[in-house]
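Data from final.csv: CSV, C-alpha atoms
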chain,number,residue,atom,x,y,z
A,541,MET,CA,-73.1,-46.7,-57.2
A,542,ALA,CA,-70.3,-46.7,-59.8
A,543,SER,CA,-71.2,-43.2,-61.0
A,544,SER,CA,-71.0,-41.7,-57.4
A,545,ARG,CA,-67.5,-43.2,-57.0
A,546,ASP,CA,-66.3,-41.6,-60.2
A,547,ASP,CA,-67.7,-38.3,-59.1
A,548,PHE,CA,-65.7,-38.5,-55.8
A,549,ILE,CA,-62.4,-39.3,-57.6
A,550,ILE,CA,-63.0,-36.4,-60.1
A,551,ALA,CA,-63.6,-34.0,-57.2
A,552,ILE,CA,-60.3,-35.1,-55.5
A,553,ARG,CA,-58.3,-34.6,-58.7
A,554,SER,CA,-59.8,-31.1,-59.3
A,555,ALA,CA,-58.8,-30.2,-55.7
A,556,PHE,CA,-55.2,-31.3,-56.2
A,557,LEU,CA,-55.0,-29.3,-59.5
A,558,LYS,CA,-56.3,-26.2,-57.7
A,559,LYS,CA,-53.8,-26.5,-54.9
A,560,SER,CA,-50.9,-26.9,-57.5
A,561,THR,CA,-52.0,-23.7,-59.2
A,562,GLN,CA,-52.1,-21.8,-55.9
A,563,GLN,CA,-48.5,-23.0,-55.0
A,564,LYS,CA,-47.2,-21.9,-58.4
A,565,PHE,CA,-48.8,-18.6,-58.0
A,566,SER,CA,-47.4,-18.1,-54.4
A,567,LEU,CA,-43.9,-19.0,-55.7
A,568,LEU,CA,-44.2,-16.5,-58.6
A,569,THR,CA,-45.4,-13.9,-56.2
A,570,LEU,CA,-42.3,-14.3,-54.0
A,571,VAL,CA,-40.0,-14.2,-57.0
A,572,PHE,CA,-41.6,-10.9,-58.2
A,573,ILE,CA,-41.5,-9.4,-54.7
A,574,SER,CA,-37.8,-10.3,-54.5
A,575,ILE,CA,-37.0,-8.8,-57.9
A,576,PHE,CA,-39.0,-5.7,-56.9
A,577,ILE,CA,-37.0,-5.3,-53.7
A,578,ILE,CA,-33.7,-5.7,-55.5
A,579,LEU,CA,-34.7,-3.1,-58.0
A,580,LEU,CA,-35.8,-0.8,-55.2
A,581,SER,CA,-32.4,-1.2,-53.4
A,582,SER,CA,-30.7,0.3,-56.4
A,583,LEU,CA,-32.8,3.4,-56.2
A,584,ASP,CA,-32.1,6.1,-53.6
A,585,PHE,CA,-35.5,6.7,-52.1
A,586,LYS,CA,-36.1,7.7,-48.5
A,587,ALA,CA,-38.6,4.9,-47.9
A,588,VAL,CA,-36.1,2.4,-49.4
A,589,ARG,CA,-33.4,3.7,-47.1
A,590,TYR,CA,-35.6,3.3,-44.0
A,591,LEU,CA,-36.5,-0.2,-45.2
A,592,LYS,CA,-32.9,-1.2,-45.6
A,593,ALA,CA,-32.0,0.3,-42.2
A,594,GLY,CA,-34.9,-1.6,-40.6
A,595,LEU,CA,-33.8,-4.9,-42.1
A,596,SER,CA,-30.1,-4.3,-41.1
A,597,GLU,CA,-31.2,-3.4,-37.6
A,598,LEU,CA,-33.3,-6.5,-37.4
A,599,VAL,CA,-30.4,-8.7,-38.5
A,600,TYR,CA,-27.9,-6.9,-36.2
A,601,ARG,CA,-30.2,-7.2,-33.2
A,602,SER,CA,-30.9,-10.9,-33.9
A,603,SER,CA,-27.2,-11.8,-34.2
A,604,PHE,CA,-26.3,-9.6,-31.2
A,605,ILE,CA,-29.0,-11.1,-29.0
A,606,VAL,CA,-28.0,-14.6,-29.9
A,607,SER,CA,-24.3,-14.0,-29.1
A,608,ILE,CA,-24.9,-12.1,-25.8
A,609,PRO,CA,-24.9,-15.2,-23.4
A,610,GLU,CA,-21.7,-16.6,-24.9
A,611,ASN,CA,-19.8,-13.3,-25.1
A,612,PHE,CA,-20.9,-12.3,-21.6
A,613,ALA,CA,-19.8,-15.7,-20.1
A,614,ARG,CA,-16.5,-15.6,-21.9
A,615,ASN,CA,-15.7,-12.0,-21.0
A,616,SER,CA,-16.8,-12.4,-17.4
A,617,VAL,CA,-14.5,-15.3,-16.9
A,618,ILE,CA,-11.5,-13.5,-18.5
A,619,ASN,CA,-12.2,-10.3,-16.5
A,620,ILE,CA,-12.5,-12.1,-13.2
A,621,ILE,CA,-9.2,-14.0,-13.8
A,622,GLU,CA,-7.4,-10.8,-14.8
A,623,TYR,CA,-8.8,-8.8,-11.9
A,624,THR,CA,-7.8,-11.6,-9.4
A,625,THR,CA,-4.3,-11.7,-10.8
A,626,PHE,CA,-3.9,-7.9,-10.7
A,627,PHE,CA,-5.3,-7.8,-7.1
A,628,ASN,CA,-2.9,-10.5,-5.9
A,629,LYS,CA,0.0,-8.7,-7.4
A,630,TYR,CA,-1.1,-5.5,-5.9
A,631,GLN,CA,-1.3,-7.0,-2.4
A,632,LYS,CA,2.1,-8.6,-2.8
A,633,ASN,CA,3.7,-5.3,-4.0
A,634,LYS,CA,2.0,-3.5,-1.1
A,635,GLU,CA,3.4,-5.9,1.5
A,636,GLU,CA,6.9,-5.6,0.0
A,637,LEU,CA,6.5,-1.8,0.0
A,638,ASP,CA,5.6,-1.8,3.7
A,639,ASN,CA,8.7,-3.9,4.5
A,640,LEU,CA,10.9,-1.6,2.5
A,641,LYS,CA,9.5,1.4,4.3
A,642,SER,CA,10.2,-0.3,7.7
A,643,ASP,CA,13.8,-0.8,6.7
A,644,PHE,CA,14.0,2.7,5.3
A,645,VAL,CA,12.9,4.1,8.7
A,646,SER,CA,15.9,2.5,10.5
A,647,ASN,CA,18.3,3.7,7.8
A,648,GLU,CA,16.9,7.2,7.9
A,649,ILE,CA,17.4,7.4,11.7
A,650,ILE,CA,21.0,6.4,11.3
A,651,GLN,CA,21.5,9.0,8.6
A,652,TYR,CA,20.1,11.7,10.9
A,653,GLU,CA,22.5,10.5,13.6
A,654,ASN,CA,25.5,10.7,11.2
A,655,GLN,CA,24.6,14.1,10.0
A,656,GLU,CA,24.9,15.5,13.6
A,657,LEU,CA,28.6,14.5,13.6
A,658,LYS,CA,28.6,13.7,17.3
A,659,VAL,CA,31.9,11.9,17.5
A,660,LEU,CA,32.6,11.0,21.1
A,661,ILE,CA,35.9,9.4,22.3
A,662,ASP,CA,35.6,7.6,25.6
A,663,ASP,CA,37.8,5.4,27.7
A,664,TYR,CA,35.7,2.3,27.1
A,665,ILE,CA,34.0,0.4,24.3
A,666,SER,CA,30.3,-0.7,24.6
A,667,SER,CA,29.5,-4.1,23.4
A,668,SER,CA,25.8,-5.0,23.1
A,669,ASN,CA,24.1,-8.4,22.7
A,670,LYS,CA,20.4,-9.1,22.3
A,671,ILE,CA,18.9,-12.3,23.8
A,672,LEU,CA,15.4,-13.6,23.0
A,673,ALA,CA,12.9,-13.6,25.9
A,674,LYS,CA,9.4,-14.9,26.1
A,675,ILE,CA,6.6,-13.0,27.8
A,676,ILE,CA,5.1,-15.2,30.6
A,677,VAL,CA,2.8,-12.6,32.2
A,678,ASP,CA,1.1,-9.5,30.7
A,679,HIS,CA,-0.2,-7.0,33.2
A,680,ASP,CA,-2.7,-4.9,31.3
A,681,SER,CA,-4.9,-2.4,33.3
A,682,PRO,CA,-5.8,1.2,33.0
A,683,PHE,CA,-3.0,2.2,35.3
A,684,LEU,CA,-0.3,-0.5,34.9
A,685,LYS,CA,1.3,-1.5,31.6
A,686,SER,CA,4.0,-4.0,32.2
A,687,ILE,CA,5.1,-7.5,31.3
A,688,ILE,CA,7.1,-10.3,32.9
A,689,ILE,CA,9.8,-12.0,30.8
A,690,ASN,CA,11.6,-15.4,31.4
A,691,LYS,CA,15.1,-13.9,31.7
A,692,GLY,CA,16.7,-12.6,34.8
A,693,SER,CA,20.0,-11.9,36.6
A,694,LYS,CA,21.4,-15.3,35.6
A,695,ASP,CA,21.2,-14.1,32.0
A,696,ASP,CA,23.0,-10.7,32.8
A,697,ILE,CA,19.7,-8.8,32.8
A,698,LYS,CA,19.9,-5.6,34.9
A,699,ILE,CA,17.6,-2.8,36.0
A,700,GLY,CA,17.5,-0.4,33.1
A,701,THR,CA,18.0,-3.0,30.4
A,702,ASN,CA,16.3,-2.0,27.1
A,703,ILE,CA,13.7,-4.3,25.7
A,704,TYR,CA,12.9,-4.4,21.9
A,705,ASP,CA,10.3,-5.8,19.6
A,706,GLN,CA,12.5,-6.6,16.6
A,707,SER,CA,14.3,-3.2,16.2
A,708,TYR,CA,11.6,-1.1,17.9
A,709,LEU,CA,11.8,0.0,21.6
A,710,VAL,CA,9.0,-1.3,23.8
A,711,GLY,CA,10.3,-0.6,27.4
A,712,ARG,CA,12.9,-1.2,30.0
A,713,VAL,CA,13.5,-3.5,33.0
A,714,ILE,CA,12.5,-2.1,36.4
A,715,GLU,CA,12.7,-5.2,38.5
A,716,VAL,CA,15.1,-8.2,38.2
A,717,ASN,CA,14.8,-11.7,39.8
A,718,TYR,CA,17.0,-14.7,39.2
A,719,LYS,CA,15.0,-16.1,36.4
A,720,THR,CA,12.4,-13.4,35.6
A,721,SER,CA,12.3,-9.7,35.1
A,722,ARG,CA,9.5,-7.0,35.1
A,723,VAL,CA,9.5,-4.7,32.1
A,724,LEU,CA,7.8,-1.2,32.2
A,725,LEU,CA,6.2,-0.6,28.7
A,726,LEU,CA,6.4,2.8,27.0
A,727,SER,CA,2.6,3.1,27.2
A,728,ASP,CA,2.6,3.1,31.0
A,729,LEU,CA,1.7,6.3,32.8
A,730,ASN,CA,5.0,6.3,34.6
A,731,SER,CA,7.1,6.0,31.4
A,732,ASN,CA,9.1,9.0,30.3
A,733,VAL,CA,11.4,8.7,27.3
A,734,PRO,CA,13.8,11.5,26.0
A,735,VAL,CA,13.3,11.5,22.2
A,736,THR,CA,14.4,13.3,19.1
A,737,ILE,CA,11.8,14.3,16.4
A,738,ALA,CA,13.2,14.1,12.9
A,739,PRO,CA,13.8,15.7,10.5
A,740,GLN,CA,13.2,18.9,12.6
A,741,ASN,CA,15.8,17.6,15.2
A,742,ILE,CA,13.6,18.7,18.1
A,743,GLN,CA,14.2,17.3,21.6
A,744,ALA,CA,11.2,16.3,23.7
A,745,ILE,CA,9.9,13.7,26.1
A,746,VAL,CA,7.3,11.1,25.4
A,747,ASN,CA,5.0,10.3,28.3
A,748,GLY,CA,2.9,7.1,28.4
A,749,THR,CA,-0.9,7.5,28.4
A,750,GLY,CA,-2.1,4.0,29.4
A,751,LYS,CA,-3.1,3.4,25.8
A,752,ASN,CA,-1.3,2.3,22.7
A,753,TYR,CA,0.1,5.7,22.0
A,754,GLY,CA,2.3,8.3,23.8
A,755,GLN,CA,2.1,12.0,24.2
A,756,ILE,CA,4.7,14.7,23.5
A,757,LYS,CA,5.5,16.6,26.7
A,758,TYR,CA,8.1,19.1,27.9
A,759,ILE,CA,8.9,20.6,24.5
A,760,LYS,CA,10.5,24.0,24.3
A,761,ALA,CA,8.1,26.9,23.8
A,762,GLY,CA,7.8,27.9,20.2
A,763,LEU,CA,9.0,24.6,18.7
A,764,SER,CA,5.7,22.8,18.7
A,765,GLU,CA,4.6,24.9,15.6
A,766,GLU,CA,7.4,23.2,13.6
A,767,LEU,CA,6.1,19.7,14.2
A,768,VAL,CA,4.3,17.9,11.4
A,769,ASP,CA,2.5,14.6,11.0
A,770,GLU,CA,4.5,11.5,10.1
A,771,SER,CA,7.7,12.8,11.7
A,772,ILE,CA,9.9,10.0,13.0
A,773,VAL,CA,10.3,9.8,16.8
A,774,TYR,CA,13.4,8.0,18.2
A,775,THR,CA,15.4,7.9,21.4
A,776,SER,CA,17.9,10.7,21.9
A,777,GLY,CA,20.0,9.0,24.5
A,778,THR,CA,19.7,12.0,26.9
A,779,GLY,CA,20.2,10.9,30.5
A,780,ALA,CA,21.8,7.6,29.5
A,781,ILE,CA,18.5,5.8,30.2
A,782,PHE,CA,17.8,4.5,26.7
A,783,LYS,CA,20.2,3.9,23.8
A,784,SER,CA,20.3,6.6,21.2
A,785,GLY,CA,18.8,6.2,17.8
A,786,VAL,CA,16.2,3.5,18.6
A,787,PRO,CA,12.8,4.0,16.7
A,788,ILE,CA,9.7,4.4,18.8
A,789,GLY,CA,6.9,5.6,16.5
A,790,LYS,CA,5.4,8.3,14.3
A,791,LEU,CA,4.0,11.7,15.2
A,792,ARG,CA,0.2,12.3,15.0
A,793,SER,CA,-1.5,15.6,15.6
A,794,ASP,CA,-4.7,15.7,17.7
A,795,LYS,CA,-6.5,19.1,17.5
A,796,ILE,CA,-8.5,19.9,20.7
A,797,GLY,CA,-10.3,23.2,20.4
A,798,SER,CA,-7.8,25.8,19.2
A,799,THR,CA,-4.7,23.9,20.4
A,800,ASN,CA,-2.8,21.1,18.8
A,801,ARG,CA,-1.8,18.1,20.9
A,802,TYR,CA,0.8,15.8,19.4
A,803,ASN,CA,0.7,12.1,20.1
A,804,VAL,CA,3.2,9.3,19.2
A,805,GLU,CA,1.8,6.3,17.5
A,806,PHE,CA,4.1,3.4,18.6
A,807,TYR,CA,5.5,1.1,15.9
A,808,SER,CA,4.8,-1.9,18.1
A,809,ASP,CA,1.4,-3.1,19.2
A,810,PHE,CA,2.0,-3.9,23.0
A,811,THR,CA,-1.2,-6.0,23.2
A,812,GLN,CA,0.2,-8.5,20.7
A,813,LEU,CA,3.7,-9.1,22.1
A,814,LYS,CA,4.7,-12.7,22.5
A,815,TYR,CA,8.5,-12.6,22.3
A,816,VAL,CA,10.9,-9.7,22.9
A,817,PHE,CA,14.7,-9.0,22.8
A,818,ALA,CA,16.6,-7.9,25.8
A,819,GLU,CA,19.8,-5.9,25.1
A,820,THR,CA,22.7,-6.7,27.5
A,821,ILE,CA,25.5,-4.2,27.3
A,822,THR,CA,29.0,-4.8,28.6
A,823,GLN,CA,31.8,-2.2,28.8
A,824,LEU,CA,35.3,-3.1,27.9
A,825,GLU,CA,37.9,-0.8,29.1
A,826,ILE,CA,40.7,0.2,26.7
A,827,PRO,CA,44.0,-0.7,28.3
A,828,LYS,CA,46.2,2.3,28.8
A,829,VAL,CA,49.7,1.6,27.7
A,830,GLU,CA,52.2,3.5,29.7
A,831,PRO,CA,55.1,4.6,27.6
A,832,GLU,CA,58.4,3.2,28.8
A,833,THR,CA,60.6,6.2,29.3
A,834,GLU,CA,64.0,6.1,30.8
A,835,ILE,CA,64.7,9.1,32.9
A,836,ILE,CA,68.4,9.7,32.7
A,837,ASP,CA,69.8,12.8,34.1
A,838,ASP,CA,66.5,14.7,33.5
A,839,LYS,CA,66.7,14.7,29.7
A,840,SER,CA,63.9,17.0,28.5
A,841,GLY,CA,64.4,16.0,24.8
A,842,GLU,CA,63.3,12.4,25.4
A,843,LEU,CA,60.2,13.5,27.3
A,844,SER,CA,59.2,15.8,24.5
A,845,ASP,CA,59.6,12.9,22.0
A,846,ALA,CA,57.4,10.6,24.1
A,847,LYS,CA,54.7,13.2,24.4
A,848,LEU,CA,54.8,13.9,20.7
A,849,LYS,CA,54.5,10.2,20.0
A,850,ILE,CA,51.4,9.9,22.2
A,851,LEU,CA,49.8,12.9,20.5
A,852,GLU,CA,50.5,11.3,17.0
A,853,ASP,CA,48.9,8.1,18.1
A,854,GLU,CA,45.8,9.9,19.4
A,855,LEU,CA,45.6,11.9,16.1
A,856,LYS,CA,45.9,8.6,14.1
A,857,ILE,CA,43.0,7.1,16.2
A,858,VAL,CA,40.8,10.1,15.6
A,859,GLU,CA,41.5,10.1,11.8
A,860,GLU,CA,40.7,6.4,11.6
A,861,THR,CA,37.5,6.9,13.5
A,862,ASN,CA,36.5,9.8,11.3
A,863,SER,CA,37.2,7.8,8.1
A,864,LYS,CA,35.1,4.9,9.4
A,865,PHE,CA,32.2,7.2,10.1
A,866,ILE,CA,32.5,8.8,6.6
A,867,GLU,CA,32.6,5.3,5.0
A,868,GLU,CA,29.6,4.2,7.0
A,869,ASN,CA,27.7,7.3,6.0
A,870,GLU,CA,28.4,6.7,2.3
A,871,ASN,CA,27.3,3.1,2.5
A,872,LEU,CA,24.1,4.2,4.2
A,873,LYS,CA,23.5,6.8,1.4
A,874,ASN,CA,23.9,4.1,-1.2
A,875,LYS,CA,21.5,1.8,0.6
A,876,ILE,CA,18.9,4.6,0.9
A,877,ASN,CA,19.2,5.4,-2.8
A,878,ASP,CA,18.7,1.7,-3.6
A,879,LEU,CA,15.6,1.6,-1.4
A,880,ASN,CA,14.3,4.8,-3.0
A,881,ASN,CA,14.7,3.2,-6.4
A,882,LYS,CA,12.8,0.0,-5.3
A,883,ILE,CA,10.0,2.1,-3.8
A,884,SER,CA,9.8,4.1,-7.1
A,885,VAL,CA,9.5,0.9,-9.1
A,886,LEU,CA,6.8,-0.5,-6.8
A,887,ASP,CA,4.9,2.8,-7.0
A,888,ASN,CA,5.0,2.6,-10.8
A,889,GLU,CA,3.7,-1.0,-10.8
A,890,ILE,CA,0.9,-0.1,-8.4
A,891,PHE,CA,0.0,2.8,-10.6
A,892,SER,CA,-0.1,0.6,-13.7
A,893,GLN,CA,-2.3,-2.0,-11.9
A,894,LYS,CA,-4.7,0.8,-10.8
A,895,GLN,CA,-4.9,1.9,-14.4
A,896,LYS,CA,-5.8,-1.7,-15.5
A,897,ILE,CA,-8.4,-1.9,-12.7
A,898,ASN,CA,-9.9,1.4,-13.9
A,899,GLN,CA,-9.9,0.0,-17.5
A,900,PHE,CA,-11.7,-3.1,-16.2
A,901,ASN,CA,-14.4,-0.8,-14.5
A,902,MET,CA,-14.8,1.2,-17.8
A,903,ASP,CA,-15.3,-2.1,-19.8
A,904,THR,CA,-17.9,-3.1,-17.2
A,905,GLN,CA,-19.7,0.2,-17.7
A,906,GLU,CA,-19.6,-0.2,-21.5
A,907,LEU,CA,-21.1,-3.6,-21.2
A,908,GLU,CA,-23.9,-2.2,-19.0
A,909,PHE,CA,-24.5,0.5,-21.7
A,910,LEU,CA,-24.8,-2.2,-24.4
A,911,LYS,CA,-27.3,-4.0,-22.4
A,912,LEU,CA,-29.4,-0.9,-21.9
A,913,ASN,CA,-29.0,0.0,-25.5
A,914,LEU,CA,-30.8,-3.2,-26.5
A,915,GLU,CA,-33.7,-2.3,-24.3
A,916,HIS,CA,-34.0,1.4,-24.8
A,917,GLY,CA,-32.0,2.2,-28.0
A,918,HIS,CA,-35.1,2.4,-30.2
A,919,LYS,CA,-36.5,5.1,-27.8
A,920,CYS,CA,-33.4,7.3,-28.1
A,921,ARG,CA,-32.4,6.7,-31.7
A,922,LYS,CA,-33.4,9.4,-34.1
A,923,SER,CA,-35.5,8.0,-36.9
A,924,PHE,CA,-38.4,8.7,-39.2
A,925,PHE,CA,-40.8,7.8,-36.5
A,926,ASN,CA,-38.8,9.3,-33.6
A,927,SER,CA,-37.8,12.9,-34.5
A,928,ASN,CA,-37.0,13.7,-30.9
A,929,GLY,CA,-34.2,11.1,-30.7
A,930,PHE,CA,-30.5,11.6,-31.1
A,931,ASN,CA,-27.8,10.4,-33.5
A,932,VAL,CA,-26.1,7.2,-32.5
A,933,GLY,CA,-22.7,7.8,-30.9
A,934,THR,CA,-23.4,11.2,-29.4
A,935,GLU,CA,-23.3,12.0,-25.7
A,936,GLU,CA,-27.1,12.8,-25.8
A,937,TYR,CA,-27.8,9.4,-27.1
A,938,ARG,CA,-25.7,7.7,-24.5
A,939,SER,CA,-27.3,9.8,-21.7
A,940,CYS,CA,-30.7,8.9,-23.0
A,941,VAL,CA,-29.9,5.1,-23.0
A,942,LEU,CA,-28.4,5.2,-19.5
A,943,ASN,CA,-31.5,7.2,-18.4
A,944,GLY,CA,-33.8,4.3,-19.5
A,945,GLY,CA,-34.9,5.9,-22.7
A,946,ARG,CA,-36.0,9.2,-21.2
A,947,THR,CA,-34.9,12.0,-23.5
A,948,GLY,CA,-36.0,14.7,-21.1
A,949,GLY,CA,-33.1,14.0,-18.5
Step by step, read the file and then write its structure as structure tokens.
Amino acid sequence: MASSRDDFIIAIRSAFLKKSTQQKFSLLTLVFISIFIILLSSLDFKAVRYLKAGLSELVYRSSFIVSIPENFARNSVINIIEYTTFFNKYQKNKEELDNLKSDFVSNEIIQYENQELKVLIDDYISSSNKILAKIIVDHDSPFLKSIIINKGSKDDIKIGTNIYDQSYLVGRVIEVNYKTSRVLLLSDLNSNVPVTIAPQNIQAIVNGTGKNYGQIKYIKAGLSEELVDESIVYTSGTGAIFKSGVPIGKLRSDKIGSTNRYNVEFYSDFTQLKYVFAETITQLEIPKVEPETEIIDDKSGELSDAKLKILEDELKIVEETNSKFIEENENLKNKINDLNNKISVLDNEIFSQKQKINQFNMDTQELEFLKLNLEHGHKCRKSFFNSNGFNVGTEEYRSCVLNGGRTGG
């Protein structure tokens, strides 16, 4: 019994001694393999180069794959924040540009009026005043386009009073009661407005169509070929129905067959009107001062002096009027130049933001390429085992990766 126990202990000790010898041999083997690889790395053999490239590729892929989730999350958050900021700035600049263009339209119309140099001297001065009115009834049908406002004769509203949406003309009063008035809109079939089309300075009439646009009618033959889209249409004042120089809309061409029909896209949307302005005009007569002349024994010299004084006073009034128009014209030119500069600055900012958005799209495409490169790069990369591949960085390699590893296109 004692001898069998000793044999068991001896067998266990011999097993441990054998295991220790195997561990030492394994360690020595790894050391020799490491020394052998280090010696090989100093030699310039083709197989060694491929081995080094394979190990480098393995390490690069491992580190790249591990860092993909973190880099993707960080870059995505940064790109989303930048894109949102750029888009908000773009929207704000676009709204500001639209407001500037609206102001520019009014200034441009006044400039065209001043260029025509129509200086009229009358025996009265017109004084206008706009009062706010609320729309209480809106008659909208295929044949009738009119509204009822809560201002009437007690507010000095008369038949023919012009009605505005901000600075844009929308219609005129055709019926007046004590507290209410009916307004015929420009879009009504019975509406006819004498207009001037700028910058061609062509006279025409805009007829209502029953829709939210008008149609150019009664234009002189041969002048329709000079019309172009985006031309500004404003009242000409012909017939003394509407005040001169009030913006109405922009010109739009509508080709039907071989002929061109020109429509006017109104600045105001008549279906969305809630409040309007009624312009009341009063005329103040200029008092005529009769010169006090003493007729004594028919002295012709004194009469000549009186006439000469009257002519000098009239000449002085004309010169003062002309100087005021010239000064107003210069001020308008300066304002227009300022608006042009602001528009140019906003256009540059919008262009810069578009470039940044395009750069963001390019970065997104590059990120997509890197993802596909991890999956299909080994199929497209030229190597010892893939002689049909391409060199990394070439257009052929990029096309192959984007193609899903298909080298044949």
Find the distance between atom CA of A:Phe612 and atom CA of A:Gln899 and write it in Å to one decimal.
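A separation of 17.0 Å between them.
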Point-to-point distance in Å for atom CA of A:Ile620 and atom CA of A:Leu914:
24.3 Å
Excluding A:His916 and its own-chain neighbours fewer than 2 positions away, which residues fall within 12 Å of it when counting all atoms listed in the file? Please give them as a list in words.
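Answer for this query is Phe909, Leu910, Lys911, Leu912, Asn913, Leu914, His918, Lys919, Cys920, Arg921, Gly929, Tyr937, Arg938, Ser939, Cys940, Val941, Leu942, Asn943, Gly944, Gly945, Arg946 and Thr947 of chain A.
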Calculate how many Å separate atom CA of A:Ile676 from atom CA of A:Tyr807, rounding to one decimal.
22.0 Å
Which is closest to A:Asn633 among A:Phe891, A:Phe806, A:Phe604, A:Phe782, if we use all atoms listed in the file?
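Looking only at the distances to A:Asn633, the closest residue turns out to be A:Phe891.
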Distance criterion (all atoms listed in the file): nearest to A:Glu805 out of A:Ile883, A:Ile772, A:Ile866, A:Ile821
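Smallest distance to A:Glu805 is found for A:Ile772.
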Using only C-alpha atoms: which of A:Asn611, A:Asn619, A:Asn690, A:Ser784 has the shortest distance to A:Tyr815:
A:Asn690
Distance cut-off 9 Å, centre (23.3, -1.1, 34.6) in file coordinates, counting all atoms listed in the file: which residues qualify? Return them as a ChimeraX atom specification.
/A:697-701,821
A:Tyr802 proximity check over A:Ala744, A:Ile714, A:Ile850, A:Ala818, using all atoms listed in the file: winner is A:Ala744
Name the residues in contact with stretch 703-706 of chain A at a cut-off of 8 Å, using all atoms listed in the file, excluding same-chain residues fewer than 4 positions from it; report them as a list in words.
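Counting all atoms listed in the file, the residues come to Val710, Gly711, Arg712, Val713, Val723, Ser808, Leu813, Tyr815, Val816, Phe817, Ala818 and Glu819 of chain A.
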Looking at A:Gly777, A:Val768, A:Asn881, A:Leu726, which one is nearest to A:Tyr753, with distances taken over all atoms listed in the file?
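When distances to A:Tyr753 are compared using all atoms listed in the file, the smallest one comes from A:Leu726.
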Using only C-alpha atoms, which of A:Glu635, A:Glu936, A:Asp903, A:Glu915 sits nearest A:Asn615?
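Closest to A:Asn615, using only C-alpha atoms: A:Asp903.
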